[in-house]
$ cat target.pdb   # PDB, C-alpha atoms and all ligand atoms
MODEL        1
ATOM      1  CA  VAL A1193      -7.920  -7.498   6.769  1.00  0.00           C
ATOM      2  CA  ILE A1194      -7.737  -7.635   2.986  1.00  0.00           C
ATOM      3  CA  PHE A1195     -10.908  -7.459   0.863  1.00  0.00           C
ATOM      4  CA  THR A1196     -11.192  -7.908  -2.892  1.00  0.00           C
ATOM      5  CA  ASP A1197     -12.492  -4.367  -3.293  1.00  0.00           C
ATOM      6  CA  SER A1198     -13.259  -1.208  -1.333  1.00  0.00           C
ATOM      7  CA  LEU A1199     -17.026  -1.674  -1.591  1.00  0.00           C
ATOM      8  CA  SER A1200     -17.125  -5.028   0.193  1.00  0.00           C
ATOM      9  CA  ALA A1201     -14.602  -3.697   2.714  1.00  0.00           C
ATOM     10  CA  SER A1202     -16.742  -0.642   3.428  1.00  0.00           C
ATOM     11  CA  LYS A1203     -19.839  -2.813   3.862  1.00  0.00           C
ATOM     12  CA  SER A1204     -18.050  -4.928   6.426  1.00  0.00           C
ATOM     13  CA  VAL A1205     -16.921  -1.844   8.393  1.00  0.00           C
ATOM     14  CA  ALA A1206     -20.438  -0.352   8.188  1.00  0.00           C
ATOM     15  CA  LYS A1207     -21.777  -3.630   9.624  1.00  0.00           C
ATOM     16  CA  GLU A1208     -19.375  -3.390  12.578  1.00  0.00           C
ATOM     17  CA  ILE A1209     -20.402   0.240  13.196  1.00  0.00           C
ATOM     18  CA  SER A1210     -24.119  -0.517  12.973  1.00  0.00           C
ATOM     19  CA  ASP A1211     -23.723  -3.477  15.351  1.00  0.00           C
ATOM     20  CA  LEU A1212     -21.966  -1.189  17.840  1.00  0.00           C
ATOM     21  CA  ILE A1213     -24.639   1.520  17.517  1.00  0.00           C
ATOM     22  CA  ARG A1214     -27.358  -1.067  18.160  1.00  0.00           C
ATOM     23  CA  VAL A1215     -25.569  -2.615  21.156  1.00  0.00           C
ATOM     24  CA  LYS A1216     -25.181   0.866  22.671  1.00  0.00           C
ATOM     25  CA  GLN A1217     -28.870   1.550  21.932  1.00  0.00           C
ATOM     26  CA  SER A1218     -29.910  -1.601  23.758  1.00  0.00           C
ATOM     27  CA  GLN A1219     -27.766  -0.473  26.724  1.00  0.00           C
ATOM     28  CA  LYS A1220     -29.315   3.024  26.499  1.00  0.00           C
ATOM     29  CA  GLN A1221     -25.834   4.474  26.025  1.00  0.00           C
ATOM     30  CA  PRO A1222     -24.426   6.917  23.493  1.00  0.00           C
ATOM     31  CA  CYS A1223     -22.129   5.550  20.798  1.00  0.00           C
ATOM     32  CA  ILE A1224     -19.064   7.763  20.388  1.00  0.00           C
ATOM     33  CA  LEU A1225     -17.608   7.644  16.884  1.00  0.00           C
ATOM     34  CA  GLY A1226     -14.454   9.320  15.600  1.00  0.00           C
ATOM     35  CA  LEU A1227     -14.896  10.156  11.924  1.00  0.00           C
ATOM     36  CA  ALA A1228     -12.577  10.914   9.029  1.00  0.00           C
ATOM     37  CA  THR A1229     -12.851  12.770   5.737  1.00  0.00           C
ATOM     38  CA  GLY A1230     -11.034  12.221   2.446  1.00  0.00           C
ATOM     39  CA  SER A1231     -12.075   9.858  -0.326  1.00  0.00           C
ATOM     40  CA  SER A1232     -11.498   6.614   1.609  1.00  0.00           C
ATOM     41  CA  PRO A1233     -14.542   6.703   3.939  1.00  0.00           C
ATOM     42  CA  LYS A1234     -17.007   7.851   1.248  1.00  0.00           C
ATOM     43  CA  SER A1235     -18.300   4.358   0.472  1.00  0.00           C
ATOM     44  CA  LEU A1236     -18.553   3.624   4.201  1.00  0.00           C
ATOM     45  CA  TYR A1237     -20.770   6.673   4.741  1.00  0.00           C
ATOM     46  CA  ALA A1238     -22.878   5.726   1.693  1.00  0.00           C
ATOM     47  CA  GLU A1239     -23.451   2.282   3.202  1.00  0.00           C
ATOM     48  CA  LEU A1240     -24.403   3.763   6.598  1.00  0.00           C
ATOM     49  CA  VAL A1241     -26.917   6.058   4.847  1.00  0.00           C
ATOM     50  CA  ARG A1242     -28.348   3.025   3.034  1.00  0.00           C
ATOM     51  CA  MET A1243     -28.662   1.154   6.334  1.00  0.00           C
ATOM     52  CA  HIS A1244     -30.484   4.147   7.826  1.00  0.00           C
ATOM     53  CA  ARG A1245     -32.924   4.326   4.909  1.00  0.00           C
ATOM     54  CA  GLU A1246     -33.494   0.642   4.268  1.00  0.00           C
ATOM     55  CA  GLU A1247     -32.834  -1.049   7.590  1.00  0.00           C
ATOM     56  CA  GLY A1248     -33.985   1.578  10.073  1.00  0.00           C
ATOM     57  CA  LEU A1249     -30.526   2.138  11.567  1.00  0.00           C
ATOM     58  CA  SER A1250     -30.943   5.171  13.838  1.00  0.00           C
ATOM     59  CA  PHE A1251     -28.175   7.613  14.749  1.00  0.00           C
ATOM     60  CA  LYS A1252     -30.113   9.256  17.583  1.00  0.00           C
ATOM     61  CA  ASN A1253     -27.713   7.853  20.188  1.00  0.00           C
ATOM     62  CA  VAL A1254     -24.606   8.584  18.072  1.00  0.00           C
ATOM     63  CA  ILE A1255     -22.167  11.344  19.019  1.00  0.00           C
ATOM     64  CA  THR A1256     -19.351  12.032  16.577  1.00  0.00           C
ATOM     65  CA  PHE A1257     -16.019  13.854  16.618  1.00  0.00           C
ATOM     66  CA  ASN A1258     -14.296  14.525  13.329  1.00  0.00           C
ATOM     67  CA  LEU A1259     -10.551  14.279  13.154  1.00  0.00           C
ATOM     68  CA  ASP A1260      -9.704  17.523  11.489  1.00  0.00           C
ATOM     69  CA  GLU A1261     -10.541  20.662   9.547  1.00  0.00           C
ATOM     70  CA  TYR A1262      -8.499  23.022   7.424  1.00  0.00           C
ATOM     71  CA  TYR A1263      -7.619  26.328   9.048  1.00  0.00           C
ATOM     72  CA  PRO A1264      -8.829  28.876   8.277  1.00  0.00           C
ATOM     73  CA  MET A1265     -12.051  27.458   6.831  1.00  0.00           C
ATOM     74  CA  GLU A1266     -15.645  28.686   6.711  1.00  0.00           C
ATOM     75  CA  PRO A1267     -18.172  25.884   7.361  1.00  0.00           C
ATOM     76  CA  ASP A1268     -20.197  26.722   4.244  1.00  0.00           C
ATOM     77  CA  SER A1269     -17.142  26.660   1.938  1.00  0.00           C
ATOM     78  CA  VAL A1270     -17.176  23.915  -0.708  1.00  0.00           C
ATOM     79  CA  HIS A1271     -13.836  22.783   0.739  1.00  0.00           C
ATOM     80  CA  SER A1272     -14.893  22.497   4.373  1.00  0.00           C
ATOM     81  CA  TYR A1273     -15.069  19.181   6.134  1.00  0.00           C
ATOM     82  CA  VAL A1274     -18.306  20.427   7.725  1.00  0.00           C
ATOM     83  CA  ARG A1275     -19.849  20.528   4.293  1.00  0.00           C
ATOM     84  CA  PHE A1276     -18.304  17.155   3.358  1.00  0.00           C
ATOM     85  CA  MET A1277     -19.728  15.459   6.441  1.00  0.00           C
ATOM     86  CA  LYS A1278     -23.169  17.050   6.102  1.00  0.00           C
ATOM     87  CA  GLU A1279     -23.480  16.110   2.438  1.00  0.00           C
ATOM     88  CA  LEU A1280     -22.256  12.558   2.835  1.00  0.00           C
ATOM     89  CA  LEU A1281     -23.688  11.595   6.207  1.00  0.00           C
ATOM     90  CA  PHE A1282     -25.112  14.033   8.741  1.00  0.00           C
ATOM     91  CA  ASP A1283     -27.870  15.548   6.571  1.00  0.00           C
ATOM     92  CA  LYS A1284     -28.895  12.077   5.389  1.00  0.00           C
ATOM     93  CA  VAL A1285     -29.387  10.333   8.738  1.00  0.00           C
ATOM     94  CA  ASP A1286     -31.192  11.202  11.966  1.00  0.00           C
ATOM     95  CA  ILE A1287     -28.145  12.316  13.983  1.00  0.00           C
ATOM     96  CA  LEU A1288     -28.995  15.299  16.209  1.00  0.00           C
ATOM     97  CA  PRO A1289     -27.144  18.446  15.061  1.00  0.00           C
ATOM     98  CA  GLU A1290     -25.833  19.062  18.573  1.00  0.00           C
ATOM     99  CA  ASN A1291     -24.264  15.598  18.542  1.00  0.00           C
ATOM    100  CA  TYR A1292     -21.698  16.053  15.798  1.00  0.00           C
ATOM    101  CA  HIS A1293     -18.453  17.912  16.302  1.00  0.00           C
ATOM    102  CA  ILE A1294     -15.979  19.100  13.690  1.00  0.00           C
ATOM    103  CA  PRO A1295     -12.978  21.283  14.565  1.00  0.00           C
ATOM    104  CA  ASP A1296     -13.891  24.935  14.018  1.00  0.00           C
ATOM    105  CA  GLY A1297     -11.940  26.552  11.200  1.00  0.00           C
ATOM    106  CA  THR A1298     -13.316  30.039  11.929  1.00  0.00           C
ATOM    107  CA  LEU A1299     -11.580  30.711  15.267  1.00  0.00           C
ATOM    108  CA  SER A1300      -9.008  33.424  15.791  1.00  0.00           C
ATOM    109  CA  LYS A1301      -5.457  32.104  16.329  1.00  0.00           C
ATOM    110  CA  GLU A1302      -5.656  33.137  19.996  1.00  0.00           C
ATOM    111  CA  GLU A1303      -8.766  30.997  20.556  1.00  0.00           C
ATOM    112  CA  ILE A1304      -7.416  27.763  19.088  1.00  0.00           C
ATOM    113  CA  ALA A1305      -5.467  26.366  22.054  1.00  0.00           C
ATOM    114  CA  ASP A1306      -8.410  26.611  24.483  1.00  0.00           C
ATOM    115  CA  TYR A1307     -10.788  25.318  21.847  1.00  0.00           C
ATOM    116  CA  CYS A1308      -8.596  22.229  21.286  1.00  0.00           C
ATOM    117  CA  THR A1309      -8.436  21.525  25.020  1.00  0.00           C
ATOM    118  CA  GLU A1310     -12.251  21.762  25.172  1.00  0.00           C
ATOM    119  CA  TYR A1311     -12.590  19.404  22.182  1.00  0.00           C
ATOM    120  CA  GLU A1312     -10.568  16.770  24.035  1.00  0.00           C
ATOM    121  CA  LEU A1313     -12.439  17.359  27.301  1.00  0.00           C
ATOM    122  CA  LYS A1314     -15.765  16.751  25.557  1.00  0.00           C
ATOM    123  CA  ILE A1315     -14.457  13.398  24.297  1.00  0.00           C
ATOM    124  CA  GLU A1316     -13.137  12.488  27.743  1.00  0.00           C
ATOM    125  CA  ALA A1317     -16.400  13.463  29.461  1.00  0.00           C
ATOM    126  CA  LEU A1318     -18.182  10.926  27.248  1.00  0.00           C
ATOM    127  CA  GLY A1319     -15.743   8.186  28.201  1.00  0.00           C
ATOM    128  CA  GLY A1320     -13.571   8.382  25.074  1.00  0.00           C
ATOM    129  CA  ILE A1321     -14.075   7.312  21.484  1.00  0.00           C
ATOM    130  CA  ASP A1322     -15.660   3.881  21.060  1.00  0.00           C
ATOM    131  CA  LEU A1323     -14.648   3.486  17.423  1.00  0.00           C
ATOM    132  CA  GLN A1324     -12.302   5.689  15.407  1.00  0.00           C
ATOM    133  CA  ILE A1325     -12.331   5.638  11.592  1.00  0.00           C
ATOM    134  CA  LEU A1326      -9.105   6.745   9.910  1.00  0.00           C
ATOM    135  CA  GLY A1327      -7.780   7.295   6.416  1.00  0.00           C
ATOM    136  CA  ILE A1328      -4.077   7.610   5.732  1.00  0.00           C
ATOM    137  CA  GLY A1329      -2.121  10.294   3.920  1.00  0.00           C
ATOM    138  CA  GLY A1330       0.567   9.448   1.367  1.00  0.00           C
ATOM    139  CA  ASN A1331       3.187  10.300   4.033  1.00  0.00           C
ATOM    140  CA  GLY A1332       1.502   8.130   6.690  1.00  0.00           C
ATOM    141  CA  HIS A1333      -0.396  10.933   8.387  1.00  0.00           C
ATOM    142  CA  ILE A1334      -3.502  10.120  10.434  1.00  0.00           C
ATOM    143  CA  GLY A1335      -5.952  12.981  10.790  1.00  0.00           C
ATOM    144  CA  PHE A1336      -3.577  15.810   9.992  1.00  0.00           C
ATOM    145  CA  ASN A1337      -0.864  14.431  12.262  1.00  0.00           C
ATOM    146  CA  GLU A1338       1.973  14.799   9.796  1.00  0.00           C
ATOM    147  CA  SER A1339       5.405  13.138   9.908  1.00  0.00           C
ATOM    148  CA  GLY A1340       7.102  14.122  13.153  1.00  0.00           C
ATOM    149  CA  SER A1341       3.895  14.126  15.221  1.00  0.00           C
ATOM    150  CA  LEU A1342       4.578  12.559  18.588  1.00  0.00           C
ATOM    151  CA  GLN A1343       2.585   9.670  20.007  1.00  0.00           C
ATOM    152  CA  ASN A1344       1.381  11.849  22.895  1.00  0.00           C
ATOM    153  CA  SER A1345       0.547  14.843  20.673  1.00  0.00           C
ATOM    154  CA  LYS A1346      -2.573  16.779  21.559  1.00  0.00           C
ATOM    155  CA  THR A1347      -5.314  18.327  19.469  1.00  0.00           C
ATOM    156  CA  ARG A1348      -3.729  21.392  17.906  1.00  0.00           C
ATOM    157  CA  LEU A1349      -3.081  23.666  14.970  1.00  0.00           C
ATOM    158  CA  VAL A1350      -0.551  22.086  12.587  1.00  0.00           C
ATOM    159  CA  ALA A1351       1.347  23.087   9.468  1.00  0.00           C
ATOM    160  CA  LEU A1352       0.477  20.829   6.550  1.00  0.00           C
ATOM    161  CA  ASP A1353       3.279  18.961   4.773  1.00  0.00           C
ATOM    162  CA  HIS A1354       4.020  19.897   1.197  1.00  0.00           C
ATOM    163  CA  ILE A1355       2.992  16.371   0.078  1.00  0.00           C
ATOM    164  CA  THR A1356      -0.378  16.764   1.843  1.00  0.00           C
ATOM    165  CA  ARG A1357      -0.966  20.158   0.227  1.00  0.00           C
ATOM    166  CA  VAL A1358      -0.051  18.786  -3.210  1.00  0.00           C
ATOM    167  CA  ALA A1359      -2.527  15.910  -2.710  1.00  0.00           C
ATOM    168  CA  ALA A1360      -5.269  18.421  -1.784  1.00  0.00           C
ATOM    169  CA  SER A1361      -4.347  21.026  -4.407  1.00  0.00           C
ATOM    170  CA  ASN A1362      -6.651  19.614  -7.120  1.00  0.00           C
ATOM    171  CA  GLU A1363      -9.673  20.323  -4.968  1.00  0.00           C
ATOM    172  CA  PHE A1364      -8.452  23.836  -4.213  1.00  0.00           C
ATOM    173  CA  LEU A1365      -7.655  24.535  -7.889  1.00  0.00           C
ATOM    174  CA  GLY A1366      -3.921  24.814  -7.346  1.00  0.00           C
ATOM    175  CA  LEU A1367      -1.280  24.837  -4.634  1.00  0.00           C
ATOM    176  CA  PRO A1368      -1.372  28.597  -3.944  1.00  0.00           C
ATOM    177  CA  ASN A1369      -5.043  28.319  -2.869  1.00  0.00           C
ATOM    178  CA  THR A1370      -4.465  25.228  -0.700  1.00  0.00           C
ATOM    179  CA  PRO A1371      -4.481  25.856   3.067  1.00  0.00           C
ATOM    180  CA  ARG A1372      -1.160  25.717   4.876  1.00  0.00           C
ATOM    181  CA  THR A1373      -2.576  24.831   8.281  1.00  0.00           C
ATOM    182  CA  ALA A1374      -5.274  22.695   9.881  1.00  0.00           C
ATOM    183  CA  ILE A1375      -6.658  21.731  13.268  1.00  0.00           C
ATOM    184  CA  THR A1376      -6.281  18.036  14.032  1.00  0.00           C
ATOM    185  CA  LEU A1377      -7.153  15.662  16.827  1.00  0.00           C
ATOM    186  CA  GLY A1378      -3.814  14.644  18.358  1.00  0.00           C
ATOM    187  CA  VAL A1379      -2.309  11.163  18.101  1.00  0.00           C
ATOM    188  CA  LYS A1380      -2.925  10.597  21.834  1.00  0.00           C
ATOM    189  CA  LYS A1381      -6.724  10.745  21.546  1.00  0.00           C
ATOM    190  CA  ILE A1382      -6.634   8.530  18.449  1.00  0.00           C
ATOM    191  CA  MET A1383      -4.550   5.966  20.352  1.00  0.00           C
ATOM    192  CA  GLU A1384      -6.953   6.155  23.314  1.00  0.00           C
ATOM    193  CA  ALA A1385      -9.915   5.119  21.121  1.00  0.00           C
ATOM    194  CA  LYS A1386     -11.184   1.687  22.157  1.00  0.00           C
ATOM    195  CA  ARG A1387     -11.229   0.473  18.561  1.00  0.00           C
ATOM    196  CA  VAL A1388      -9.493   1.897  15.484  1.00  0.00           C
ATOM    197  CA  ILE A1389     -10.215   1.036  11.849  1.00  0.00           C
ATOM    198  CA  LEU A1390      -7.959   2.506   9.177  1.00  0.00           C
ATOM    199  CA  LEU A1391      -9.262   2.389   5.600  1.00  0.00           C
ATOM    200  CA  ALA A1392      -6.993   2.477   2.560  1.00  0.00           C
ATOM    201  CA  TRP A1393      -7.695   1.667  -1.054  1.00  0.00           C
ATOM    202  CA  GLY A1394      -5.656   1.469  -4.221  1.00  0.00           C
ATOM    203  CA  GLU A1395      -2.124   0.902  -5.399  1.00  0.00           C
ATOM    204  CA  SER A1396      -0.999   4.451  -4.600  1.00  0.00           C
ATOM    205  CA  LYS A1397      -1.241   3.754  -0.862  1.00  0.00           C
ATOM    206  CA  SER A1398       0.531   0.349  -0.967  1.00  0.00           C
ATOM    207  CA  LYS A1399       4.010   1.640  -0.082  1.00  0.00           C
ATOM    208  CA  ILE A1400       2.925   3.692   2.917  1.00  0.00           C
ATOM    209  CA  ILE A1401       0.685   0.847   4.105  1.00  0.00           C
ATOM    210  CA  LYS A1402       3.664  -1.519   4.046  1.00  0.00           C
ATOM    211  CA  GLU A1403       5.731   0.998   6.036  1.00  0.00           C
ATOM    212  CA  SER A1404       2.896   1.528   8.524  1.00  0.00           C
ATOM    213  CA  VAL A1405       2.136  -2.158   9.096  1.00  0.00           C
ATOM    214  CA  GLU A1406       5.538  -3.817   8.717  1.00  0.00           C
ATOM    215  CA  GLY A1407       8.034  -1.006   9.253  1.00  0.00           C
ATOM    216  CA  THR A1408       9.480   0.319  12.486  1.00  0.00           C
ATOM    217  CA  VAL A1409       7.195   2.325  14.713  1.00  0.00           C
ATOM    218  CA  THR A1410       8.358   5.868  14.038  1.00  0.00           C
ATOM    219  CA  ASN A1411       7.096   9.417  14.264  1.00  0.00           C
ATOM    220  CA  LEU A1412       8.069   9.792  10.618  1.00  0.00           C
ATOM    221  CA  VAL A1413       5.077   7.551   9.793  1.00  0.00           C
ATOM    222  CA  PRO A1414       2.369   8.360  12.378  1.00  0.00           C
ATOM    223  CA  ALA A1415       0.145   5.476  11.173  1.00  0.00           C
ATOM    224  CA  SER A1416       2.884   3.089  12.387  1.00  0.00           C
ATOM    225  CA  TYR A1417       1.897   4.003  15.980  1.00  0.00           C
ATOM    226  CA  LEU A1418      -1.202   1.861  15.414  1.00  0.00           C
ATOM    227  CA  GLN A1419       1.008  -1.236  15.630  1.00  0.00           C
ATOM    228  CA  GLU A1420       1.014  -0.512  19.365  1.00  0.00           C
ATOM    229  CA  HIS A1421      -2.771  -0.114  19.633  1.00  0.00           C
ATOM    230  CA  LYS A1422      -4.570  -3.047  21.283  1.00  0.00           C
ATOM    231  CA  ASN A1423      -7.520  -3.115  18.900  1.00  0.00           C
ATOM    232  CA  ALA A1424      -6.614  -1.537  15.578  1.00  0.00           C
ATOM    233  CA  THR A1425      -7.355  -3.020  12.144  1.00  0.00           C
ATOM    234  CA  PHE A1426      -6.133  -1.902   8.753  1.00  0.00           C
ATOM    235  CA  VAL A1427      -8.947  -2.604   6.289  1.00  0.00           C
ATOM    236  CA  LEU A1428      -7.469  -2.770   2.791  1.00  0.00           C
ATOM    237  CA  ASP A1429      -8.352  -3.718  -0.750  1.00  0.00           C
ATOM    238  CA  GLN A1430      -6.067  -5.978  -2.771  1.00  0.00           C
ATOM    239  CA  GLY A1431      -4.362  -3.086  -4.550  1.00  0.00           C
ATOM    240  CA  THR A1432      -3.276  -1.442  -1.301  1.00  0.00           C
ATOM    241  CA  ALA A1433      -2.252  -4.718   0.334  1.00  0.00           C
ATOM    242  CA  HIS A1434      -0.175  -6.240  -2.443  1.00  0.00           C
ATOM    243  CA  LYS A1435       3.224  -5.205  -1.049  1.00  0.00           C
ATOM    244  CA  LEU A1436       2.556  -6.811   2.360  1.00  0.00           C
TER     245      LEU A1436
HETATM  246  C1  LIG B   1      -6.836  14.200   4.408  1.00  0.00           C
HETATM  247  C2  LIG B   1      -7.532  13.984   5.731  1.00  0.00           C
HETATM  248  C3  LIG B   1      -7.048  12.711   6.376  1.00  0.00           C
HETATM  249  C4  LIG B   1      -7.217  11.589   5.380  1.00  0.00           C
HETATM  250  C5  LIG B   1      -6.373  11.863   4.159  1.00  0.00           C
HETATM  251  C6  LIG B   1      -6.415  10.762   3.137  1.00  0.00           C
HETATM  252  O1  LIG B   1      -5.506  14.537   4.590  1.00  0.00           O
HETATM  253  N1  LIG B   1      -7.343  15.058   6.637  1.00  0.00           N
HETATM  254  O2  LIG B   1      -7.767  12.463   7.570  1.00  0.00           O
HETATM  255  O3  LIG B   1      -6.851  10.383   5.963  1.00  0.00           O
HETATM  256  O4  LIG B   1      -6.862  13.060   3.603  1.00  0.00           O
HETATM  257  O5  LIG B   1      -7.369  11.063   2.174  1.00  0.00           O
HETATM  258  P1  LIG B   1      -7.885  10.029   1.111  1.00  0.00           P
HETATM  259  O6  LIG B   1      -8.769   9.097   1.849  1.00  0.00           O
HETATM  260  O7  LIG B   1      -8.641  10.889   0.139  1.00  0.00           O
HETATM  261  O8  LIG B   1      -6.706   9.375   0.510  1.00  0.00           O
ENDMDL
END

$ encode --input "target.pdb" --output "C-alpha cells"
Amino acid sequence: VIFTDSLSASKSVAKEISDLIRVKQSQKQPCILGLATGSSPKSLYAELVRMHREEGLSFKNVITFNLDEYYPMEPDSVHSYVRFMKELLFDKVDILPENYHIPDGTLSKEEIADYCTEYELKIEALGGIDLQILGIGGNGHIGFNESGSLQNSKTRLVALDHITRVAASNEFLGLPNTPRTAITLGVKKIMEAKRVILLAWGESKSKIIKESVEGTVTNLVPASYLQEHKNATFVLDQGTAHKL
C-alpha cells in the first residue's frame, strides 16, 4: 500500500492496530503485538500515544514482544531498545510492565540459547503474534535477521552485518563503539505471525523494497520471505515505492 507520506501511512497502521486491540478487548482476549525499533515506527508509536491520550485507547489487554536488542546492552543505556520503547510508547500508555518483552541484552553468552527458547515459548503459549510490525534494513534484514538468515531460523544471537553496523554507527558515535552482535526473533516466528505490516519510508529504501517485493524469494534478502506470507502488507510512502 502506497501513501503520499509516512504520517498518513502511520495513522492508517495505528488505526488497524487500535481496531484489533478493541476487538480483542470486546472478546476479553489479550492482543499480542510484535514490535520493532528503528526510525520507521516512530510516527506509528506517536499516533498510538495520541489515541491513548485523546481517544481513550487502552493497552491493558496488550502484550508485546520486541523483535530485537543489541548484545551486550544494558537496559538503561541511551542505545538500548528498552529505553527506546519506554520513551516512545510503554511509559506513555497504560500497558502493564509485565506485559512487554524485549530481548535481554544483559545475559551471559551461556544463558542466551535457553533464554531465546523461552522467548519463543512465551509467544507460543499466548497463541502466537496477532500483528507484527517490521522495519527493513538497507540489506533487507527484518529484525536483525541479516542476509543469509533461513526462513526457519529461530530466535538467537546473531553477528551484525557491516552495512547494519555502519547504519547504526552515527548513534553509537562511530563504528568502533557499535555492537557487533544482537539477539533477534527468528524469521520463523515472524512468518508465523497472523498479520505482518512492514513500514518503510524514503528514497534510500526504494532499491531494497523493490528487491523484497518484486525480486526472487531469497535468504540474501530476508524481507523477500514475506512474499510467501498469507497476510503481509508493505506500507510505503511514495519515495520508497517509486521503483516498483
Ligand atoms: C534496526 C532494527 C530493525 C529495523 C532497522 C531499520 O536494524 N533492528 O528492526 O528494521 O533498524 O531501521 P530504520 O527504521 O531506522 O531504517

$ residues_near_ligand --input "target.pdb" --ligand "ligand LIG 1 (chain B)" --cutoff "9 Å" --atoms "all atoms listed in the file" --output "number ranges by chain"
A: 1227-1234, 1258-1262, 1273, 1326-1330, 1332-1337, 1352, 1356-1357, 1359-1360, 1374, 1376, 1390-1393, 1397

$ write_last_selection --input "target.pdb" --atoms "C-alpha atoms" --output "compact mmCIF listing (two decimals), in the frame of the given file"
# COMPACT_ATOMS: atom_id res chain seq x y z
CA LEU A 1227 -14.90 10.16 11.92
CA ALA A 1228 -12.58 10.91 9.03
CA THR A 1229 -12.85 12.77 5.74
CA GLY A 1230 -11.03 12.22 2.45
CA SER A 1231 -12.08 9.86 -0.33
CA SER A 1232 -11.50 6.61 1.61
CA PRO A 1233 -14.54 6.70 3.94
CA LYS A 1234 -17.01 7.85 1.25
CA ASN A 1258 -14.30 14.52 13.33
CA LEU A 1259 -10.55 14.28 13.15
CA ASP A 1260 -9.70 17.52 11.49
CA GLU A 1261 -10.54 20.66 9.55
CA TYR A 1262 -8.50 23.02 7.42
CA TYR A 1273 -15.07 19.18 6.13
CA LEU A 1326 -9.10 6.74 9.91
CA GLY A 1327 -7.78 7.30 6.42
CA ILE A 1328 -4.08 7.61 5.73
CA GLY A 1329 -2.12 10.29 3.92
CA GLY A 1330 0.57 9.45 1.37
CA GLY A 1332 1.50 8.13 6.69
CA HIS A 1333 -0.40 10.93 8.39
CA ILE A 1334 -3.50 10.12 10.43
CA GLY A 1335 -5.95 12.98 10.79
CA PHE A 1336 -3.58 15.81 9.99
CA ASN A 1337 -0.86 14.43 12.26
CA LEU A 1352 0.48 20.83 6.55
CA THR A 1356 -0.38 16.76 1.84
CA ARG A 1357 -0.97 20.16 0.23
CA ALA A 1359 -2.53 15.91 -2.71
CA ALA A 1360 -5.27 18.42 -1.78
CA ALA A 1374 -5.27 22.70 9.88
CA THR A 1376 -6.28 18.04 14.03
CA LEU A 1390 -7.96 2.51 9.18
CA LEU A 1391 -9.26 2.39 5.60
CA ALA A 1392 -6.99 2.48 2.56
CA TRP A 1393 -7.70 1.67 -1.05
CA LYS A 1397 -1.24 3.75 -0.86

$ closest_residue --input "target.pdb" --among "A:Glu1266, A:Asp1353, A:Asp1322, A:Asp1283" --to "A:Tyr1237" --atoms "only C-alpha atoms"
A:Asp1283

$ resolve_selection --input "target.pdb" --expression "the PyMOL selection byres (((chain A and resi 1304) around 12) and not hetatm)" --output "list of chain:residue names"
A:Tyr1263, A:Pro1264, A:Pro1295, A:Asp1296, A:Gly1297, A:Thr1298, A:Leu1299, A:Ser1300, A:Lys1301, A:Glu1302, A:Glu1303, A:Ala1305, A:Asp1306, A:Tyr1307, A:Cys1308, A:Thr1309, A:Glu1310, A:Tyr1311, A:Thr1347, A:Arg1348, A:Leu1349, A:Val1350, A:Ala1374, A:Ile1375, A:Thr1376

$ residues_around --input "target.pdb" --residues "A:Ser1396" --least-positions-apart "5" --cutoff "12 Å" --atoms "all atoms listed in the file" --output "PyMOL selection string"
chain A and resi 1328-1331+1359+1401-1402+1429-1435

$ atom_distance --input "target.pdb" --atom1 "atom CA of A:Ala1385" --atom2 "atom CA of A:Val1241"
23.6 Å

$ atom_distance --input "target.pdb" --atom1 "atom CA of A:Arg1214" --atom2 "atom CA of A:Ala1415"
29.1 Å

$ resolve_selection --input "target.pdb" --expression "the PyMOL selection byres (((chain A and resi 1288) around 9) and not hetatm)" --output "CSV table (one decimal) with C-alpha atoms, in the frame of the given file"
chain,number,residue,atom,x,y,z
A,1251,PHE,CA,-28.2,7.6,14.7
A,1252,LYS,CA,-30.1,9.3,17.6
A,1253,ASN,CA,-27.7,7.9,20.2
A,1254,VAL,CA,-24.6,8.6,18.1
A,1255,ILE,CA,-22.2,11.3,19.0
A,1282,PHE,CA,-25.1,14.0,8.7
A,1285,VAL,CA,-29.4,10.3,8.7
A,1286,ASP,CA,-31.2,11.2,12.0
A,1287,ILE,CA,-28.1,12.3,14.0
A,1289,PRO,CA,-27.1,18.4,15.1
A,1290,GLU,CA,-25.8,19.1,18.6
A,1291,ASN,CA,-24.3,15.6,18.5
A,1292,TYR,CA,-21.7,16.1,15.8

$ resolve_selection --input "target.pdb" --expression "the PyMOL selection byres (((chain A and resi 1224) around 9) and not hetatm)" --output "list of chain:residue names"
A:Ile1213, A:Pro1222, A:Cys1223, A:Leu1225, A:Gly1226, A:Asn1253, A:Val1254, A:Ile1255, A:Thr1256, A:Phe1257, A:Ile1315, A:Leu1318, A:Gly1319, A:Gly1320, A:Ile1321, A:Asp1322, A:Leu1323, A:Gln1324

$ decode --input "target.pdb" --residues "stretch 1268-1274 of chain A" --atoms "N, CA and C atoms" --output "short mmCIF file (atom, residue, chain, number, x, y, z; two decimals), in the first residue's frame"
data_model
loop_
_atom_site.label_atom_id
_atom_site.label_comp_id
_atom_site.auth_asym_id
_atom_site.auth_seq_id
_atom_site.Cartn_x
_atom_site.Cartn_y
_atom_site.Cartn_z
N ASP A 1268 19.32 0.45 30.66
CA ASP A 1268 19.26 1.90 30.88
C ASP A 1268 20.24 2.68 29.99
N SER A 1269 20.93 1.99 29.09
CA SER A 1269 21.81 2.69 28.14
C SER A 1269 20.98 3.56 27.19
N VAL A 1270 21.54 4.67 26.76
CA VAL A 1270 20.82 5.51 25.78
C VAL A 1270 20.57 4.75 24.47
N HIS A 1271 21.39 3.73 24.21
CA HIS A 1271 21.28 3.00 22.94
C HIS A 1271 20.33 1.81 23.01
N SER A 1272 19.82 1.49 24.20
CA SER A 1272 19.06 0.24 24.31
C SER A 1272 17.66 0.39 23.69
N TYR A 1273 17.19 -0.71 23.17
CA TYR A 1273 15.84 -0.73 22.63
C TYR A 1273 14.80 -0.71 23.76
N VAL A 1274 15.21 -1.12 24.96
CA VAL A 1274 14.33 -0.99 26.12
C VAL A 1274 14.02 0.49 26.33
#
